[in-house]
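So the structure is just underneath, and the comments pick up after that.
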Amino acid sequence: MSPTAVLHSEWIKIRSVRSSFGALLAVFAVALVFNVLLYATVGGPEPDGAGDPVADALFQITFAQIAAIAFGATAVSSEYVHGAVRNSLAAVPHRSLFFAAKTAVVAVAALGTGLVTAFVTFFSGQAFAGEHAIGLGEPGALRACVGAGLYLALIALFAAGLTFLLRSAVAVMSLLIPFLLMVSFVVGDVSAGVADYLPDRAGRQILHQDPVGALGPWAGLGVTALWAVAALLAGWWAVTRRDA
Amino acid sequence: MTSIHVTDLTKEYGGKRAVDRLTFTVEPGRVTGFLGPNGAGKSTTMRLVLGLDRPASGTATVGGRAYTALDEPLRTVGALLDAQAAHASRTARDHLRALAVSNRIPARRVDEVLEETGLASAARRRVRVFSLGMRQRLGIAAALLGDPAVLLLDEPSNGLDPEGIVWIRELLRRLAGEGRTVLVSSHLMNETATFADHLVVLGRGRLLADVPMRDFIDAHSHARVRVRTGDPVLLRAALARQGYAVADGADGDGRWLVEGATAEQVGAVAAREGVPVFELADERASLEQAYLALTTDAGAAEFAAAPRTTPTREV
């Protein structure tokens with residue numbers, strides 16, 4: 001089997017299913033719309049410029065990550081609707097290759113979209129920020145933009161890995177979205193320490209100019225990467241061991 | 001040669017044997033009908049051959065190799081398992097393109113199989129809007145994509161209109177005529193009788209028969225001859241002397257049915273007696289009758305309807 005051919009095939013699959021390709025575009029669209037609305041109407045999350053200017057500039061990533069979860073989940077779950085995976089595995093019986101190709105395509109698509117989203121929305125908001133506007137020269141800004149792209153890709157992979165395991169986008173999204181939007185929020189205020197190691201909070205350290213908490217920006221992103229790797233290992237185990 | 005070899009294959013789901021020490025071979029150049037009641041293990045066997053499920057024991061090979069060891073398997077084996085398996089929001093063309101690309105099958109084959117299955121005009125429509133018959137054709141198109149030497153088709157005529165059924169019959173005959181190995185499962189006996197040369201019959205996961213279709217029908221039906229003669233009295237007496245039971249045909253048109261005899265035997269008696277015979281033919285059982293005789297004997301049907309009992313009521 002040619003890995004290039006299998007990668008190409010997986011790209012066609014993602015490209016040709018509305019839900020997954022739509023979710024990928026939504027990562028960018030949600031971030032852009034939210035960011036422009038926030039800056040154009042009230043001048044940003046903290047318009048007086050009192051907060052962390054880098055974190056404010058990338059506030060929209062919190063919302064884009066929901067679309068990233070949807071992308072990672074639907075890109076994989078489309079295989080588990082009506083047993084489509086049987087067609088896929090009949091074409092590519094080498095299961096690790098099938099898994100690796102799909103994961104790689106999700107990673108590259110999410111990273112590309114994530115980076116574009118981070119940089120474009122960084123500037124789109126600043127265009128409305130007036131006197132408080134910052135550029136990429138601001139300390140931590142470039143790191144935060146690159147980190148935001150990586151973060152979105154890791155979150156998509158986290159969701160993809162879980163979907164290989166649970167075989168349902170609905171299950172994964174109803175698990176992850178409330179978790180990221182609420183649990184992490186609530187628990188985060190109650191107990192610092194453990195909460196710093198949750199997949200989303202750890203990874204979002206890199207969006208701050210001067211992150212507070214146990215983890216530094218890159219260490220935080222590393223923790224999110226570990227979560228993603230753990231989910232992918234579980235997914236790989238399920239794909240290679242289960243009957244299709 | 002690209003035969004399918006199934007050897008001592010066993011598969012259990014939750015302690016229940018779906019396929020039980022199954023051994024048979026599917027040869028090239030003929031259509032092998034794969035029969036059995038619901039739940040007999042036909043689809044499971046196909047999944048095991050394709051390496052989608054793992055057997056508890058035993059092996060299944062295609063051309064002497066495990067399916068999972070084939071490089072670019074769609075070029076060797078084409079399969080239709082479930083016509084619903086194409087993602088509803090993809091177009092027919094994209095569905096086939098993703099499969100073709102993974103096995104480096106040239107893009108022109110996608111258009112060829114769409115043409116061949118009559119879907120060319122629907123190629124850019126989403127599978128969501130397809131009728132069951134169109135999905136079935138798309139599944140068959142996918143199976144034909146790699147111009148494979150071996151075809152495994154699970155209920156290919158499901159949902160096809162009468163024209164489609166004639167089409168699939170001719171397609172199967174042609175594919176076998178080209179020397180390909182063709183395994184077709186079905187629960188429609190009269191349909192299977194029109195295209196199969198050979199039969200593999202399962203019941204409760206076990207092999208009940210692996211024989212040419214002609215032999216299968218002969219083995220599971222008793223001989224009976226239909227005869228019409230110019231001298232009924234003489235022939236009837238002659239046949240009775242030979243120990244044959246003669247019954248009037250149901251139509252009352254002068255045709256008789258001779259039980260337990262072949263046309264050769266009745267013809268010989270008539271010739272010896274000098275009785276003119278206008279009509280003489282073996283009454284063959286249909287595949288359906290033969291199949292039911294076998295599966296009833298074997299107690300093979302797992303989900304047969306319970307016999308109707310008349311409820312008794314106290315007055």
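Identifiers in this document derive from the order of the structure tokens: chains are assigned A, B, ..., residues are numbered from 1 separately in each chain, and ligands are numbered from 1 in order of occurrence.
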
- May I ask you to extract the residues of chain A within 10 Å of chain B, using only C-alpha atoms, and to give them as a ChimeraX atom specification? /A:1-19,78-95,98,241-244

What would the file look like if the residues just selected were written as a short mmCIF file (atom, residue, chain, number, x, y, z; two decimals), in the first residue's frame with N, CA and C atoms?
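Final file, out-v6.cif:
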```
data_model
loop_
_atom_site.label_atom_id
_atom_site.label_comp_id
_atom_site.auth_asym_id
_atom_site.auth_seq_id
_atom_site.Cartn_x
_atom_site.Cartn_y
_atom_site.Cartn_z
N MET A 1 0.85 -1.19 0.00
CA MET A 1 0.00 0.00 0.00
C MET A 1 0.89 1.24 0.00
N SER A 2 0.46 2.25 -0.73
CA SER A 2 1.21 3.49 -0.77
C SER A 2 0.65 4.47 0.27
N PRO A 3 1.47 4.88 1.25
CA PRO A 3 0.97 5.82 2.27
C PRO A 3 0.46 7.13 1.65
N THR A 4 1.13 7.59 0.61
CA THR A 4 0.70 8.83 -0.04
C THR A 4 -0.72 8.69 -0.60
N ALA A 5 -0.96 7.54 -1.22
CA ALA A 5 -2.29 7.30 -1.80
C ALA A 5 -3.35 7.26 -0.71
N VAL A 6 -3.01 6.63 0.41
CA VAL A 6 -3.98 6.53 1.51
C VAL A 6 -4.24 7.91 2.11
N LEU A 7 -3.19 8.73 2.25
CA LEU A 7 -3.36 10.10 2.73
C LEU A 7 -4.28 10.89 1.81
N HIS A 8 -4.04 10.75 0.51
CA HIS A 8 -4.85 11.47 -0.47
C HIS A 8 -6.32 11.05 -0.35
N SER A 9 -6.51 9.75 -0.19
CA SER A 9 -7.86 9.21 -0.05
C SER A 9 -8.55 9.79 1.18
N GLU A 10 -7.81 9.87 2.29
CA GLU A 10 -8.39 10.41 3.52
C GLU A 10 -8.73 11.90 3.37
N TRP A 11 -7.91 12.61 2.62
CA TRP A 11 -8.21 14.03 2.38
C TRP A 11 -9.49 14.17 1.57
N ILE A 12 -9.65 13.32 0.54
CA ILE A 12 -10.88 13.36 -0.25
C ILE A 12 -12.09 13.09 0.64
N LYS A 13 -11.94 12.15 1.58
CA LYS A 13 -13.07 11.81 2.46
C LYS A 13 -13.48 13.00 3.32
N ILE A 14 -12.48 13.69 3.90
CA ILE A 14 -12.81 14.83 4.76
C ILE A 14 -13.40 15.96 3.94
N ARG A 15 -12.81 16.17 2.78
CA ARG A 15 -13.22 17.25 1.89
C ARG A 15 -14.65 17.04 1.41
N SER A 16 -15.06 15.76 1.28
CA SER A 16 -16.33 15.48 0.60
C SER A 16 -17.49 15.24 1.58
N VAL A 17 -17.23 15.33 2.87
CA VAL A 17 -18.34 15.23 3.82
C VAL A 17 -18.61 16.61 4.39
N ARG A 18 -19.84 17.08 4.21
CA ARG A 18 -20.18 18.45 4.59
C ARG A 18 -19.88 18.75 6.05
N SER A 19 -20.26 17.82 6.94
CA SER A 19 -20.14 18.12 8.37
C SER A 19 -18.68 18.34 8.75
N SER A 78 -17.55 9.96 10.61
CA SER A 78 -18.17 9.65 9.31
C SER A 78 -17.86 8.21 8.89
N GLU A 79 -16.81 7.62 9.46
CA GLU A 79 -16.51 6.22 9.18
C GLU A 79 -17.46 5.27 9.90
N TYR A 80 -18.06 5.76 10.98
CA TYR A 80 -18.84 4.85 11.80
C TYR A 80 -20.34 5.01 11.60
N VAL A 81 -20.73 5.72 10.54
CA VAL A 81 -22.13 5.82 10.19
C VAL A 81 -22.44 4.70 9.21
N HIS A 82 -23.37 3.84 9.55
CA HIS A 82 -23.76 2.72 8.69
C HIS A 82 -22.58 1.83 8.31
N GLY A 83 -21.61 1.70 9.18
CA GLY A 83 -20.52 0.76 8.90
C GLY A 83 -19.67 1.11 7.69
N ALA A 84 -19.53 2.41 7.41
CA ALA A 84 -18.70 2.82 6.27
C ALA A 84 -17.26 2.36 6.45
N VAL A 85 -16.85 2.17 7.70
CA VAL A 85 -15.47 1.80 7.97
C VAL A 85 -15.14 0.44 7.34
N ARG A 86 -16.17 -0.36 7.09
CA ARG A 86 -15.90 -1.65 6.44
C ARG A 86 -15.41 -1.44 5.01
N ASN A 87 -16.02 -0.48 4.33
CA ASN A 87 -15.51 -0.14 2.99
C ASN A 87 -14.08 0.35 3.09
N SER A 88 -13.83 1.20 4.08
CA SER A 88 -12.50 1.80 4.21
C SER A 88 -11.46 0.75 4.53
N LEU A 89 -11.79 -0.17 5.43
CA LEU A 89 -10.81 -1.18 5.82
C LEU A 89 -10.69 -2.29 4.77
N ALA A 90 -11.72 -2.47 3.96
CA ALA A 90 -11.57 -3.41 2.85
C ALA A 90 -10.59 -2.81 1.83
N ALA A 91 -10.61 -1.48 1.69
CA ALA A 91 -9.68 -0.83 0.75
C ALA A 91 -8.28 -0.73 1.35
N VAL A 92 -8.20 -0.49 2.65
CA VAL A 92 -6.91 -0.34 3.33
C VAL A 92 -6.91 -1.26 4.55
N PRO A 93 -6.61 -2.55 4.34
CA PRO A 93 -6.71 -3.49 5.46
C PRO A 93 -5.63 -3.30 6.53
N HIS A 94 -4.59 -2.58 6.19
CA HIS A 94 -3.53 -2.28 7.16
C HIS A 94 -4.08 -1.22 8.10
N ARG A 95 -4.55 -1.64 9.28
CA ARG A 95 -5.33 -0.73 10.12
C ARG A 95 -4.51 0.41 10.70
N PHE A 98 -4.30 2.98 8.01
CA PHE A 98 -5.58 3.68 7.92
C PHE A 98 -5.70 4.72 9.04
N ARG A 241 -7.73 -3.43 17.23
CA ARG A 241 -8.15 -4.65 17.92
C ARG A 241 -9.59 -5.05 17.65
N ARG A 242 -10.44 -4.08 17.38
CA ARG A 242 -11.85 -4.41 17.27
C ARG A 242 -12.20 -5.02 15.93
N ASP A 243 -13.28 -5.82 15.92
CA ASP A 243 -13.88 -6.22 14.66
C ASP A 243 -14.51 -4.98 14.04
N ALA A 244 -14.39 -4.87 12.74
CA ALA A 244 -14.92 -3.66 12.08
C ALA A 244 -16.43 -3.79 11.91
#
```

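For Ala40 of chain B, the list of residues within 7 Å, based on only C-alpha atoms and with local chain neighbours fewer than 5 positions off taken out, reads Leu202, Gly203, Arg204 and Gly205 of chain B.
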
For the residues selected in the previous step, produce a file with N, CA and C atoms as a PDB file, in the first residue's frame.
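Final file, out_35.pdb:
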```pdb
ATOM      1  N   LEU B 202     -25.408 -22.669   4.064  1.00  0.00           N
ATOM      2  CA  LEU B 202     -25.108 -22.669   5.499  1.00  0.00           C
ATOM      3  C   LEU B 202     -26.388 -22.789   6.313  1.00  0.00           C
ATOM      4  N   GLY B 203     -26.257 -23.348   7.488  1.00  0.00           N
ATOM      5  CA  GLY B 203     -27.343 -23.350   8.468  1.00  0.00           C
ATOM      6  C   GLY B 203     -26.717 -23.295   9.840  1.00  0.00           C
ATOM      7  N   ARG B 204     -27.112 -22.324  10.637  1.00  0.00           N
ATOM      8  CA  ARG B 204     -26.539 -22.128  11.978  1.00  0.00           C
ATOM      9  C   ARG B 204     -25.017 -22.141  11.971  1.00  0.00           C
ATOM     10  N   GLY B 205     -24.445 -21.486  10.987  1.00  0.00           N
ATOM     11  CA  GLY B 205     -22.986 -21.359  10.944  1.00  0.00           C
ATOM     12  C   GLY B 205     -22.256 -22.584  10.411  1.00  0.00           C
TER      13      GLY B 205
END
```

- Message: as a PyMOL selection string, please: the residues near segment 158-165 of chain A (cut-off 8 Å, only C-alpha atoms, same-chain neighbours under 4 positions excluded).
- Response: chain A and resi 69-70+72-77+103+106+154+169+172-173+176+227-229+231-236+238-239

- Item | Ala176 of chain B environment, 10 Å, only C-alpha atoms, sequence neighbours closer than 3 positions dropped, as a ChimeraX atom specification | /B:27-32,149-151,170-173,179-183,195-197

May I have the selected residues written with N, CA and C atoms, as a PDB file, in the first residue's frame?
```
ATOM      1  N   GLU B  27     -14.591 -21.463  -6.390  1.00  0.00           N
ATOM      2  CA  GLU B  27     -13.712 -21.586  -7.562  1.00  0.00           C
ATOM      3  C   GLU B  27     -13.998 -20.478  -8.573  1.00  0.00           C
ATOM      4  N   PRO B  28     -12.972 -20.140  -9.363  1.00  0.00           N
ATOM      5  CA  PRO B  28     -13.184 -19.148 -10.414  1.00  0.00           C
ATOM      6  C   PRO B  28     -14.001 -19.703 -11.577  1.00  0.00           C
ATOM      7  N   GLY B  29     -14.527 -18.802 -12.382  1.00  0.00           N
ATOM      8  CA  GLY B  29     -15.204 -19.199 -13.614  1.00  0.00           C
ATOM      9  C   GLY B  29     -16.638 -19.633 -13.428  1.00  0.00           C
ATOM     10  N   ARG B  30     -17.172 -19.483 -12.255  1.00  0.00           N
ATOM     11  CA  ARG B  30     -18.575 -19.818 -12.052  1.00  0.00           C
ATOM     12  C   ARG B  30     -19.149 -18.934 -10.947  1.00  0.00           C
ATOM     13  N   VAL B  31     -20.464 -18.819 -10.954  1.00  0.00           N
ATOM     14  CA  VAL B  31     -21.123 -18.049  -9.905  1.00  0.00           C
ATOM     15  C   VAL B  31     -21.504 -19.015  -8.788  1.00  0.00           C
ATOM     16  N   THR B  32     -21.019 -18.738  -7.602  1.00  0.00           N
ATOM     17  CA  THR B  32     -21.364 -19.575  -6.450  1.00  0.00           C
ATOM     18  C   THR B  32     -22.416 -18.849  -5.624  1.00  0.00           C
ATOM     19  N   ALA B 149     -10.402  -9.898  -9.679  1.00  0.00           N
ATOM     20  CA  ALA B 149     -10.585 -11.279 -10.115  1.00  0.00           C
ATOM     21  C   ALA B 149     -11.576 -12.011  -9.220  1.00  0.00           C
ATOM     22  N   VAL B 150     -11.829 -11.441  -8.043  1.00  0.00           N
ATOM     23  CA  VAL B 150     -12.727 -12.088  -7.084  1.00  0.00           C
ATOM     24  C   VAL B 150     -13.801 -11.091  -6.656  1.00  0.00           C
ATOM     25  N   LEU B 151     -15.057 -11.532  -6.632  1.00  0.00           N
ATOM     26  CA  LEU B 151     -16.137 -10.655  -6.180  1.00  0.00           C
ATOM     27  C   LEU B 151     -16.939 -11.326  -5.080  1.00  0.00           C
ATOM     28  N   GLU B 170     -27.302 -10.740 -15.485  1.00  0.00           N
ATOM     29  CA  GLU B 170     -26.414 -10.799 -16.649  1.00  0.00           C
ATOM     30  C   GLU B 170     -24.994 -10.402 -16.277  1.00  0.00           C
ATOM     31  N   LEU B 171     -24.880  -9.436 -15.370  1.00  0.00           N
ATOM     32  CA  LEU B 171     -23.555  -9.011 -14.921  1.00  0.00           C
ATOM     33  C   LEU B 171     -22.811 -10.166 -14.249  1.00  0.00           C
ATOM     34  N   LEU B 172     -23.507 -10.867 -13.365  1.00  0.00           N
ATOM     35  CA  LEU B 172     -22.879 -11.977 -12.639  1.00  0.00           C
ATOM     36  C   LEU B 172     -22.450 -13.076 -13.608  1.00  0.00           C
ATOM     37  N   ARG B 173     -23.325 -13.386 -14.575  1.00  0.00           N
ATOM     38  CA  ARG B 173     -22.991 -14.417 -15.572  1.00  0.00           C
ATOM     39  C   ARG B 173     -21.758 -13.989 -16.367  1.00  0.00           C
ATOM     40  N   GLY B 179     -14.030 -15.609 -16.211  1.00  0.00           N
ATOM     41  CA  GLY B 179     -13.093 -16.393 -15.409  1.00  0.00           C
ATOM     42  C   GLY B 179     -12.915 -15.876 -13.997  1.00  0.00           C
ATOM     43  N   ARG B 180     -13.788 -14.970 -13.572  1.00  0.00           N
ATOM     44  CA  ARG B 180     -13.646 -14.437 -12.218  1.00  0.00           C
ATOM     45  C   ARG B 180     -14.319 -15.366 -11.207  1.00  0.00           C
ATOM     46  N   THR B 181     -13.917 -15.193  -9.961  1.00  0.00           N
ATOM     47  CA  THR B 181     -14.512 -15.943  -8.860  1.00  0.00           C
ATOM     48  C   THR B 181     -15.632 -15.089  -8.291  1.00  0.00           C
ATOM     49  N   VAL B 182     -16.847 -15.608  -8.294  1.00  0.00           N
ATOM     50  CA  VAL B 182     -17.992 -14.793  -7.896  1.00  0.00           C
ATOM     51  C   VAL B 182     -18.789 -15.511  -6.806  1.00  0.00           C
ATOM     52  N   LEU B 183     -18.835 -14.895  -5.625  1.00  0.00           N
ATOM     53  CA  LEU B 183     -19.618 -15.440  -4.511  1.00  0.00           C
ATOM     54  C   LEU B 183     -20.754 -14.473  -4.215  1.00  0.00           C
ATOM     55  N   PHE B 195     -28.864 -17.446 -11.724  1.00  0.00           N
ATOM     56  CA  PHE B 195     -27.466 -17.111 -12.048  1.00  0.00           C
ATOM     57  C   PHE B 195     -26.422 -18.062 -11.476  1.00  0.00           C
ATOM     58  N   ALA B 196     -26.792 -18.873 -10.477  1.00  0.00           N
ATOM     59  CA  ALA B 196     -25.752 -19.664  -9.809  1.00  0.00           C
ATOM     60  C   ALA B 196     -25.443 -20.959 -10.563  1.00  0.00           C
ATOM     61  N   ASP B 197     -24.169 -21.334 -10.551  1.00  0.00           N
ATOM     62  CA  ASP B 197     -23.744 -22.627 -11.085  1.00  0.00           C
ATOM     63  C   ASP B 197     -23.523 -23.596  -9.940  1.00  0.00           C
TER      64      ASP B 197
END
```

Using only C-alpha atoms, find each residue of segment 65-153 of chain A with at least one atom at most 8 Å away from an atom of segment 41-44 of chain A; report its shortest atom-to-atom pair and that distance in Å (one decimal), sort the rows by chain and rising residue number, and return the result as a Markdown table.
```
| residue | atom | partner | partner_atom | distance |
| --- | --- | --- | --- | --- |
| A:Gly125 | CA | A:Gly44 | CA | 7.5 |
| A:Phe128 | CA | A:Gly43 | CA | 6.7 |
| A:Ala129 | CA | A:Gly43 | CA | 5.7 |
```

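When the distance limit is 10 Å and only C-alpha atoms are what count, the residues near segment 16-19 of chain B, minus those fewer than 2 positions from it on the same chain, are Asp8, Leu9, Thr10, Lys11, Glu12, Tyr13, Gly14, Arg21, Leu22, Gly39, Ala40, Gly41, Lys42, Ser43, Thr44, Thr45, Leu48, Pro55, Ala56, Leu202, Gly203, Arg204, Gly205, Arg206 and Leu207 of chain B.
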
Okay, now the selection with N, CA and C atoms, as a PDB file, in the first residue's frame?
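Below you can see result-v8.pdb, which holds the result:
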```pdb
ATOM      1  N   ASP B   8     -11.892 -24.481   8.122  1.00  0.00           N
ATOM      2  CA  ASP B   8     -12.114 -24.686   9.559  1.00  0.00           C
ATOM      3  C   ASP B   8     -12.422 -23.379  10.300  1.00  0.00           C
ATOM      4  N   LEU B   9     -13.125 -22.500   9.614  1.00  0.00           N
ATOM      5  CA  LEU B   9     -13.338 -21.148  10.130  1.00  0.00           C
ATOM      6  C   LEU B   9     -14.393 -21.125  11.236  1.00  0.00           C
ATOM      7  N   THR B  10     -14.049 -20.486  12.338  1.00  0.00           N
ATOM      8  CA  THR B  10     -14.976 -20.378  13.461  1.00  0.00           C
ATOM      9  C   THR B  10     -14.973 -18.947  13.982  1.00  0.00           C
ATOM     10  N   LYS B  11     -16.162 -18.429  14.252  1.00  0.00           N
ATOM     11  CA  LYS B  11     -16.284 -17.092  14.825  1.00  0.00           C
ATOM     12  C   LYS B  11     -17.359 -17.105  15.888  1.00  0.00           C
ATOM     13  N   GLU B  12     -17.035 -16.560  17.036  1.00  0.00           N
ATOM     14  CA  GLU B  12     -18.013 -16.499  18.119  1.00  0.00           C
ATOM     15  C   GLU B  12     -18.296 -15.051  18.471  1.00  0.00           C
ATOM     16  N   TYR B  13     -19.545 -14.763  18.749  1.00  0.00           N
ATOM     17  CA  TYR B  13     -19.918 -13.456  19.286  1.00  0.00           C
ATOM     18  C   TYR B  13     -20.561 -13.702  20.640  1.00  0.00           C
ATOM     19  N   GLY B  14     -19.899 -13.266  21.671  1.00  0.00           N
ATOM     20  CA  GLY B  14     -20.444 -13.432  23.018  1.00  0.00           C
ATOM     21  C   GLY B  14     -20.762 -14.879  23.339  1.00  0.00           C
ATOM     22  N   ARG B  21     -16.732 -23.996  12.386  1.00  0.00           N
ATOM     23  CA  ARG B  21     -15.829 -24.919  11.684  1.00  0.00           C
ATOM     24  C   ARG B  21     -16.205 -25.080  10.205  1.00  0.00           C
ATOM     25  N   LEU B  22     -16.244 -23.958   9.553  1.00  0.00           N
ATOM     26  CA  LEU B  22     -16.699 -23.914   8.163  1.00  0.00           C
ATOM     27  C   LEU B  22     -15.527 -24.160   7.208  1.00  0.00           C
ATOM     28  N   GLY B  39     -29.237 -15.173   9.705  1.00  0.00           N
ATOM     29  CA  GLY B  39     -28.448 -15.526  10.875  1.00  0.00           C
ATOM     30  C   GLY B  39     -27.649 -16.808  10.707  1.00  0.00           C
ATOM     31  N   ALA B  40     -27.575 -17.323   9.474  1.00  0.00           N
ATOM     32  CA  ALA B  40     -26.837 -18.575   9.262  1.00  0.00           C
ATOM     33  C   ALA B  40     -25.333 -18.350   9.231  1.00  0.00           C
ATOM     34  N   GLY B  41     -24.904 -17.092   9.076  1.00  0.00           N
ATOM     35  CA  GLY B  41     -23.471 -16.811   9.088  1.00  0.00           C
ATOM     36  C   GLY B  41     -22.905 -16.390   7.743  1.00  0.00           C
ATOM     37  N   LYS B  42     -23.759 -16.078   6.771  1.00  0.00           N
ATOM     38  CA  LYS B  42     -23.262 -15.699   5.444  1.00  0.00           C
ATOM     39  C   LYS B  42     -22.472 -14.393   5.489  1.00  0.00           C
ATOM     40  N   SER B  43     -23.092 -13.366   6.064  1.00  0.00           N
ATOM     41  CA  SER B  43     -22.411 -12.065   6.115  1.00  0.00           C
ATOM     42  C   SER B  43     -21.170 -12.133   6.992  1.00  0.00           C
ATOM     43  N   THR B  44     -21.268 -12.861   8.099  1.00  0.00           N
ATOM     44  CA  THR B  44     -20.109 -13.012   8.982  1.00  0.00           C
ATOM     45  C   THR B  44     -18.956 -13.662   8.223  1.00  0.00           C
ATOM     46  N   THR B  45     -19.267 -14.692   7.458  1.00  0.00           N
ATOM     47  CA  THR B  45     -18.224 -15.369   6.682  1.00  0.00           C
ATOM     48  C   THR B  45     -17.565 -14.393   5.713  1.00  0.00           C
ATOM     49  N   LEU B  48     -15.273 -12.150   7.535  1.00  0.00           N
ATOM     50  CA  LEU B  48     -14.054 -12.865   7.929  1.00  0.00           C
ATOM     51  C   LEU B  48     -13.108 -12.998   6.733  1.00  0.00           C
ATOM     52  N   PRO B  55     -11.304 -14.256  13.070  1.00  0.00           N
ATOM     53  CA  PRO B  55     -11.882 -15.543  13.450  1.00  0.00           C
ATOM     54  C   PRO B  55     -11.346 -16.015  14.797  1.00  0.00           C
ATOM     55  N   ALA B  56     -12.146 -16.835  15.493  1.00  0.00           N
ATOM     56  CA  ALA B  56     -11.663 -17.462  16.720  1.00  0.00           C
ATOM     57  C   ALA B  56     -10.625 -18.512  16.348  1.00  0.00           C
ATOM     58  N   LEU B 202     -25.408 -22.669   4.064  1.00  0.00           N
ATOM     59  CA  LEU B 202     -25.108 -22.669   5.499  1.00  0.00           C
ATOM     60  C   LEU B 202     -26.388 -22.789   6.313  1.00  0.00           C
ATOM     61  N   GLY B 203     -26.257 -23.348   7.488  1.00  0.00           N
ATOM     62  CA  GLY B 203     -27.343 -23.350   8.468  1.00  0.00           C
ATOM     63  C   GLY B 203     -26.717 -23.295   9.840  1.00  0.00           C
ATOM     64  N   ARG B 204     -27.112 -22.324  10.637  1.00  0.00           N
ATOM     65  CA  ARG B 204     -26.539 -22.128  11.978  1.00  0.00           C
ATOM     66  C   ARG B 204     -25.017 -22.141  11.971  1.00  0.00           C
ATOM     67  N   GLY B 205     -24.445 -21.486  10.987  1.00  0.00           N
ATOM     68  CA  GLY B 205     -22.986 -21.359  10.944  1.00  0.00           C
ATOM     69  C   GLY B 205     -22.256 -22.584  10.411  1.00  0.00           C
ATOM     70  N   ARG B 206     -22.998 -23.636  10.109  1.00  0.00           N
ATOM     71  CA  ARG B 206     -22.336 -24.844   9.597  1.00  0.00           C
ATOM     72  C   ARG B 206     -22.613 -25.023   8.125  1.00  0.00           C
ATOM     73  N   LEU B 207     -21.713 -25.781   7.483  1.00  0.00           N
ATOM     74  CA  LEU B 207     -21.883 -26.066   6.063  1.00  0.00           C
ATOM     75  C   LEU B 207     -22.922 -27.167   5.884  1.00  0.00           C
TER      76      LEU B 207
END
```

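From atom CA of Leu234 of chain B back to atom CA of Ala270 of chain B, the distance works out to 9.1 Å.
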
Cut-off 6 Å: closest segment 165-224 of chain A/segment 130-144 of chain A atom pairs per residue, using only C-alpha atoms, as JSON lines:
```
{"residue": "A:Ile206", "atom": "CA", "partner": "A:Ala144", "partner_atom": "CA", "distance": 5.4}
{"residue": "A:Leu207", "atom": "CA", "partner": "A:Ala144", "partner_atom": "CA", "distance": 4.6}
{"residue": "A:Gln209", "atom": "CA", "partner": "A:Gly140", "partner_atom": "CA", "distance": 4.9}
```
